[in-house]
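With mmCIF, C-alpha atoms, pLDDT in the B column; chains and numbers go by the auth columns inside, this is structure-v7.cif:
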data_final
loop_
_atom_site.group_PDB
_atom_site.id
_atom_site.type_symbol
_atom_site.label_atom_id
_atom_site.label_comp_id
_atom_site.label_asym_id
_atom_site.label_seq_id
_atom_site.Cartn_x
_atom_site.Cartn_y
_atom_site.Cartn_z
_atom_site.B_iso_or_equiv
_atom_site.auth_seq_id
_atom_site.auth_asym_id
ATOM 1 C CA MET A 1 0.000 0.000 0.000 63.00 1 A
ATOM 2 C CA GLU A 2 2.897 2.365 0.744 83.00 2 A
ATOM 3 C CA THR A 3 4.151 2.024 -2.858 83.00 3 A
ATOM 4 C CA ARG A 4 0.749 2.998 -4.225 82.00 4 A
ATOM 5 C CA LYS A 5 0.638 6.153 -2.051 79.00 5 A
ATOM 6 C CA ARG A 6 4.143 7.100 -3.187 79.00 6 A
ATOM 7 C CA THR A 7 3.178 6.614 -6.849 80.00 7 A
ATOM 8 C CA LEU A 8 0.069 8.767 -6.408 75.00 8 A
ATOM 9 C CA LEU A 9 2.107 11.461 -4.664 73.00 9 A
ATOM 10 C CA TRP A 10 4.702 11.548 -7.477 78.00 10 A
ATOM 11 C CA THR A 11 1.960 11.589 -10.111 77.00 11 A
ATOM 12 C CA ALA A 12 0.150 14.448 -8.373 70.00 12 A
ATOM 13 C CA THR A 13 3.435 16.361 -7.999 74.00 13 A
ATOM 14 C CA GLY A 14 4.152 15.891 -11.705 73.00 14 A
ATOM 15 C CA VAL A 15 0.713 17.140 -12.694 69.00 15 A
ATOM 16 C CA VAL A 16 1.099 20.240 -10.491 66.00 16 A
ATOM 17 C CA VAL A 17 4.545 21.020 -11.949 66.00 17 A
ATOM 18 C CA VAL A 18 3.337 20.657 -15.546 66.00 18 A
ATOM 19 C CA ALA A 19 0.173 22.688 -14.882 58.00 19 A
ATOM 20 C CA SER A 20 2.243 25.434 -13.216 54.00 20 A
ATOM 21 C CA ALA A 21 4.661 25.562 -16.149 56.00 21 A
ATOM 22 C CA VAL A 22 1.792 25.866 -18.641 61.00 22 A
ATOM 23 C CA ALA A 23 0.132 28.593 -16.541 57.00 23 A
ATOM 24 C CA LEU A 24 3.372 30.569 -16.301 56.00 24 A
ATOM 25 C CA TRP A 25 3.870 30.321 -20.072 59.00 25 A
ATOM 26 C CA ALA A 26 0.288 31.360 -20.840 57.00 26 A
ATOM 27 C CA PHE A 27 -0.191 34.183 -18.337 60.00 27 A
ATOM 28 C CA GLN A 28 3.398 35.458 -17.963 66.00 28 A
ATOM 29 C CA PRO A 29 2.451 37.231 -14.709 63.00 29 A
ATOM 30 C CA TRP A 30 5.807 39.008 -14.401 57.00 30 A
ATOM 31 C CA ARG A 31 4.784 41.136 -17.408 58.00 31 A
ATOM 32 C CA LEU A 32 2.358 42.988 -15.140 63.00 32 A
ATOM 33 C CA PHE A 33 5.450 44.589 -13.612 68.00 33 A
ATOM 34 C CA THR A 34 7.529 45.246 -16.758 80.00 34 A
ATOM 35 C CA THR A 35 7.562 48.274 -19.026 84.00 35 A
ATOM 36 C CA VAL A 36 8.955 48.505 -22.537 88.00 36 A
ATOM 37 C CA ARG A 37 9.228 52.122 -23.696 94.00 37 A
ATOM 38 C CA VAL A 38 9.602 52.950 -27.391 96.00 38 A
ATOM 39 C CA ASP A 39 10.061 56.498 -28.711 97.00 39 A
ATOM 40 C CA GLU A 40 10.123 56.596 -32.511 97.00 40 A
ATOM 41 C CA ALA A 41 10.102 59.886 -34.422 96.00 41 A
ATOM 42 C CA SER A 42 7.014 60.773 -36.429 94.00 42 A
ATOM 43 C CA THR A 43 7.138 59.840 -40.101 90.00 43 A
ATOM 44 C CA GLY A 44 5.311 63.042 -41.038 90.00 44 A
ATOM 45 C CA GLY A 45 2.836 63.225 -43.892 93.00 45 A
ATOM 46 C CA GLN A 46 -0.804 64.232 -44.072 95.00 46 A
ATOM 47 C CA ARG A 47 -3.103 63.131 -41.277 96.00 47 A
ATOM 48 C CA LEU A 48 -6.033 61.108 -42.602 95.00 48 A
ATOM 49 C CA THR A 49 -7.765 59.923 -39.407 96.00 49 A
ATOM 50 C CA ALA A 50 -7.201 60.068 -35.668 98.00 50 A
ATOM 51 C CA GLY A 51 -8.634 58.721 -32.434 98.00 51 A
ATOM 52 C CA THR A 52 -8.127 58.295 -28.688 98.00 52 A
ATOM 53 C CA PHE A 53 -7.742 54.972 -26.889 97.00 53 A
ATOM 54 C CA VAL A 54 -10.393 53.707 -24.497 96.00 54 A
ATOM 55 C CA SER A 55 -9.583 50.970 -21.994 94.00 55 A
ATOM 56 C CA HIS A 56 -10.852 47.426 -22.290 93.00 56 A
ATOM 57 C CA GLU A 57 -9.172 44.564 -20.399 90.00 57 A
ATOM 58 C CA HIS A 58 -6.279 46.792 -19.211 89.00 58 A
ATOM 59 C CA GLU A 59 -6.036 50.521 -18.541 93.00 59 A
ATOM 60 C CA THR A 60 -4.950 52.005 -21.885 96.00 60 A
ATOM 61 C CA SER A 61 -4.442 55.625 -22.923 98.00 61 A
ATOM 62 C CA GLY A 62 -2.892 57.535 -25.789 98.00 62 A
ATOM 63 C CA THR A 63 -3.798 58.710 -29.262 98.00 63 A
ATOM 64 C CA VAL A 64 -3.524 57.207 -32.701 98.00 64 A
ATOM 65 C CA GLU A 65 -3.504 58.618 -36.204 97.00 65 A
ATOM 66 C CA VAL A 66 -3.054 57.386 -39.741 97.00 66 A
ATOM 67 C CA ARG A 67 -0.767 59.496 -41.919 97.00 67 A
ATOM 68 C CA ARG A 68 -0.214 59.355 -45.676 95.00 68 A
ATOM 69 C CA SER A 69 3.305 60.124 -46.941 94.00 69 A
ATOM 70 C CA PRO A 70 3.960 61.942 -50.223 92.00 70 A
ATOM 71 C CA ASP A 71 4.947 58.582 -51.768 93.00 71 A
ATOM 72 C CA GLY A 72 1.439 57.237 -51.041 92.00 72 A
ATOM 73 C CA SER A 73 2.377 54.899 -48.184 95.00 73 A
ATOM 74 C CA ALA A 74 0.370 54.996 -44.962 96.00 74 A
ATOM 75 C CA THR A 75 1.651 54.793 -41.394 97.00 75 A
ATOM 76 C CA LEU A 76 -0.254 54.237 -38.171 98.00 76 A
ATOM 77 C CA ARG A 77 1.240 56.351 -35.383 98.00 77 A
ATOM 78 C CA ILE A 78 0.536 55.717 -31.722 98.00 78 A
ATOM 79 C CA THR A 79 1.433 58.632 -29.446 98.00 79 A
ATOM 80 C CA ASP A 80 1.752 58.750 -25.644 98.00 80 A
ATOM 81 C CA LEU A 81 0.702 55.117 -25.289 98.00 81 A
ATOM 82 C CA ARG A 82 0.365 53.713 -21.784 97.00 82 A
ATOM 83 C CA THR A 83 -0.944 50.195 -21.278 96.00 83 A
ATOM 84 C CA SER A 84 0.056 46.994 -19.524 91.00 84 A
ATOM 85 C CA ASP A 85 2.734 44.779 -20.944 90.00 85 A
ATOM 86 C CA GLY A 86 1.443 41.371 -21.868 84.00 86 A
ATOM 87 C CA PRO A 87 2.002 38.236 -23.884 84.00 87 A
ATOM 88 C CA ALA A 88 1.369 38.181 -27.649 89.00 88 A
ATOM 89 C CA LEU A 89 0.248 41.811 -28.010 95.00 89 A
ATOM 90 C CA ARG A 90 -0.493 42.917 -31.581 97.00 90 A
ATOM 91 C CA VAL A 91 -1.691 46.100 -33.267 98.00 91 A
ATOM 92 C CA TYR A 92 -4.878 45.507 -35.279 96.00 92 A
ATOM 93 C CA LEU A 93 -6.854 47.657 -37.664 96.00 93 A
ATOM 94 C CA SER A 94 -10.444 46.361 -37.469 94.00 94 A
ATOM 95 C CA ASP A 95 -13.743 46.980 -39.228 94.00 95 A
ATOM 96 C CA GLN A 96 -15.632 46.463 -35.954 93.00 96 A
ATOM 97 C CA PRO A 97 -16.853 49.409 -33.856 91.00 97 A
ATOM 98 C CA VAL A 98 -15.286 50.283 -30.522 91.00 98 A
ATOM 99 C CA ARG A 99 -17.565 49.210 -27.701 85.00 99 A
ATOM 100 C CA PRO A 100 -17.190 50.251 -24.060 78.00 100 A
ATOM 101 C CA ASP A 101 -17.178 46.602 -22.908 77.00 101 A
ATOM 102 C CA THR A 102 -14.191 44.263 -23.230 71.00 102 A
ATOM 103 C CA GLY A 103 -13.677 44.865 -26.953 76.00 103 A
ATOM 104 C CA GLY A 104 -13.911 41.157 -27.658 77.00 104 A
ATOM 105 C CA ASN A 105 -15.649 41.913 -30.961 80.00 105 A
ATOM 106 C CA LEU A 106 -12.605 43.499 -32.599 80.00 106 A
ATOM 107 C CA ASP A 107 -11.408 40.292 -34.253 80.00 107 A
ATOM 108 C CA ASP A 108 -14.911 39.178 -35.304 85.00 108 A
ATOM 109 C CA GLY A 109 -14.999 40.862 -38.690 89.00 109 A
ATOM 110 C CA ARG A 110 -12.201 41.835 -41.019 93.00 110 A
ATOM 111 C CA PHE A 111 -8.929 43.031 -39.513 94.00 111 A
ATOM 112 C CA VAL A 112 -5.354 43.706 -40.563 96.00 112 A
ATOM 113 C CA ASP A 113 -2.520 42.741 -38.227 97.00 113 A
ATOM 114 C CA LEU A 114 0.111 45.510 -38.287 98.00 114 A
ATOM 115 C CA GLY A 115 2.546 43.506 -36.183 98.00 115 A
ATOM 116 C CA GLU A 116 3.738 42.993 -32.664 97.00 116 A
ATOM 117 C CA LEU A 117 3.262 45.896 -30.251 97.00 117 A
ATOM 118 C CA LYS A 118 6.759 47.388 -29.980 98.00 118 A
ATOM 119 C CA GLY A 119 6.343 48.613 -26.417 96.00 119 A
ATOM 120 C CA ASN A 120 3.613 49.231 -23.904 96.00 120 A
ATOM 121 C CA GLU A 121 4.610 52.890 -23.475 97.00 121 A
ATOM 122 C CA GLY A 122 5.708 55.675 -25.789 98.00 122 A
ATOM 123 C CA ASN A 123 5.433 56.681 -29.434 98.00 123 A
ATOM 124 C CA GLN A 124 5.435 54.109 -32.222 98.00 124 A
ATOM 125 C CA ASN A 125 4.945 53.800 -35.981 98.00 125 A
ATOM 126 C CA TYR A 126 3.446 50.862 -37.884 98.00 126 A
ATOM 127 C CA ALA A 127 3.439 50.535 -41.664 97.00 127 A
ATOM 128 C CA VAL A 128 -0.026 49.999 -43.116 97.00 128 A
ATOM 129 C CA PRO A 129 0.141 47.418 -45.915 97.00 129 A
ATOM 130 C CA PRO A 130 -0.395 48.809 -49.429 94.00 130 A
ATOM 131 C CA ARG A 131 -3.979 48.582 -50.741 91.00 131 A
ATOM 132 C CA THR A 132 -5.426 48.456 -47.203 93.00 132 A
ATOM 133 C CA ASP A 133 -8.921 49.962 -47.329 90.00 133 A
ATOM 134 C CA LEU A 134 -8.719 52.534 -44.557 90.00 134 A
ATOM 135 C CA GLY A 135 -12.328 53.530 -45.188 89.00 135 A
ATOM 136 C CA ASP A 136 -13.550 50.162 -43.884 90.00 136 A
ATOM 137 C CA LEU A 137 -10.992 49.670 -41.098 94.00 137 A
ATOM 138 C CA SER A 138 -12.086 52.285 -38.597 93.00 138 A
ATOM 139 C CA THR A 139 -10.701 50.923 -35.309 95.00 139 A
ATOM 140 C CA VAL A 140 -7.219 50.398 -33.871 96.00 140 A
ATOM 141 C CA SER A 141 -6.825 47.774 -31.140 96.00 141 A
ATOM 142 C CA ILE A 142 -4.009 46.661 -28.894 96.00 142 A
ATOM 143 C CA TRP A 143 -4.968 42.999 -29.169 94.00 143 A
ATOM 144 C CA CYS A 144 -3.790 40.077 -27.027 92.00 144 A
ATOM 145 C CA GLU A 145 -3.746 37.048 -29.332 90.00 145 A
ATOM 146 C CA ARG A 146 -3.169 34.590 -26.521 86.00 146 A
ATOM 147 C CA PHE A 147 -6.412 35.454 -24.719 85.00 147 A
ATOM 148 C CA SER A 148 -8.417 37.025 -27.595 88.00 148 A
ATOM 149 C CA VAL A 149 -9.020 40.306 -25.780 91.00 149 A
ATOM 150 C CA SER A 150 -8.477 43.959 -26.505 93.00 150 A
ATOM 151 C CA PHE A 151 -6.317 45.833 -24.005 94.00 151 A
ATOM 152 C CA GLY A 152 -7.640 49.086 -25.474 95.00 152 A
ATOM 153 C CA ALA A 153 -9.002 50.460 -28.742 96.00 153 A
ATOM 154 C CA ALA A 154 -9.459 53.748 -30.601 97.00 154 A
ATOM 155 C CA ALA A 155 -12.111 54.699 -33.158 96.00 155 A
ATOM 156 C CA LEU A 156 -10.573 56.476 -36.136 96.00 156 A
ATOM 157 C CA ARG A 157 -12.466 59.568 -37.327 93.00 157 A
#

Starting from the coordinates I provided, produce the structure as structure tokens.
Amino acid sequence: METRKRTLLWTATGVVVVASAVALWAFQPWRLFTTVRVDEASTGGQRLTAGTFVSHEHETSGTVEVRRSPDGSATLRITDLRTSDGPALRVYLSDQPVRPDTGGNLDDGRFVDLGELKGNEGNQNYAVPPRTDLGDLSTVSIWCERFSVSFGAAALR
């Protein structure tokens, strides 16, 4: 009987260790206490649309604008961003409206992934792919792919 108890104890210990490792990988709780600041210079150009972030799953503030350069390329600029650091954060342009709830709708329709969020604070530029229809994509979201939630979003007007 003692051998059976020992086997159960080792099995339970193994399950707890594996579950803890998976939880640490998924949630990355230390990122709640880290800050990555990025300060890129503005690319200039003509401002097409702009908006202000509202918070969803995490307190998020700052402004966003889309600028068109003389060569026709478009850049999304985020200014004075402040949000939490987190795992798998992306910058999305979405055709879904900004809602005051969790923003879980922002990947429901059509969206364009502009890439990994460079930092959770500061001023950043993201190239908008050529032939992106900016008339239909009226929302910017700081999107967490791992948990399918918006940290914050801005309606472009």

Please produce, as a Markdown table, a per-residue contact table for segment 92-121 of chain A versus segment 54-74 of chain A (criterion: any atom at most 8 Å away, all atoms listed in the file considered), showing the nearest atom pair and its distance in Å to one decimal, sorted by chain then residue number.
| residue | atom | partner | partner_atom | distance |
| --- | --- | --- | --- | --- |
| A:Pro100 | CA | A:His56 | CA | 7.2 |
| A:Asp101 | CA | A:His56 | CA | 6.4 |
| A:Thr102 | CA | A:His56 | CA | 4.7 |
| A:Gly103 | CA | A:His56 | CA | 6.0 |

Notebook entry, point to check: Can you tell me how far atom CA of Leu156 of chain A sits from atom CA of Leu106 of chain A, in Å to one decimal?
Noted result: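 If I compute the distance from atom CA of Leu156 of chain A to atom CA of Leu106 of chain A, I get 13.6 Å.
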
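Using all atoms listed in the file, the smallest distance between any of A:Thr3, A:Thr49, A:Ala153, A:Leu9 and Gly135 of chain A comes from A:Thr49.
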
Checklist line | Distance criterion (all atoms listed in the file): nearest to Gly86 of chain A out of A:Gly14, A:Gly119, A:Gly45, A:Pro129 | finding: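 When distances to Gly86 of chain A are compared using all atoms listed in the file, the smallest one comes from A:Gly119.
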
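With all atoms listed in the file as the basis for measurement, A:Val128 is the residue among A:Leu137, A:Ala88, A:Val128, A:Cys144 that approaches Thr75 of chain A most closely.
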
Next item on the list: For each of A:Asn125, A:Thr52, A:Asn120, A:Thr79, take the minimum atom-to-atom distance to Ala155 of chain A, counting only C-alpha atoms, then give the residue where this is smallest.
Entry: A:Thr52

Next item on the list: Would you mind listing what lies within 7 Å of segment 91-94 of chain A as a list in words, with all atoms listed in the file counted and same-chain residues fewer than 6 positions away left out?
Entry: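 Listing them by chain and then by number gives Leu106, Asp107, Arg110, Phe111, Val112, Asp113, Leu114, Gly115, Glu116, Leu117, Leu137, Ser138, Thr139, Val140, Ser141, Ile142 and Trp143 of chain A.
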
Check: Mind pulling up the distance from atom CA of Ser84 of chain A to atom CA of Phe151 of chain A?
Finding: 7.9 Å

Check: Do you know which residues are at most 10 Å from Ala41 of chain A counting all atoms listed in the file, after dropping those on the same chain fewer than 5 positions away, and could you put them as a list in words?
Finding: Arg77, Asn123, Gln124 and Asn125 of chain A

Next item on the list: Could you tell me which of A:Leu81, A:Arg157, A:Ala12, A:Phe53 comes closest to Leu134 of chain A if we count all atoms listed in the file?
Entry: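 Using all atoms listed in the file, the shortest distance to Leu134 of chain A belongs to A:Arg157.
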
Note to self: One decimal, in Å: what's the spacing between atom CA of Val36 of chain A and atom CA of Asp85 of chain A?
What the structure shows: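 Spanning atom CA of Val36 of chain A to atom CA of Asp85 of chain A is a straight-line distance of 7.4 Å.
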
Margin query: For a quick check of understanding, using all atoms listed in the file, which of A:Thr132, A:Leu48, A:Phe147, A:Glu2 has the smallest distance to Gly104 of chain A?
Written below: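 Smallest separation from Gly104 of chain A among the options: A:Phe147.
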
Notebook entry, point to check: Excluding same-chain residues fewer than 5 positions from Asn105 of chain A, what lies within 10 Å of it counting all atoms listed in the file, as an NGL selection string?
Noted result: :A and (94-99 or 148-150)
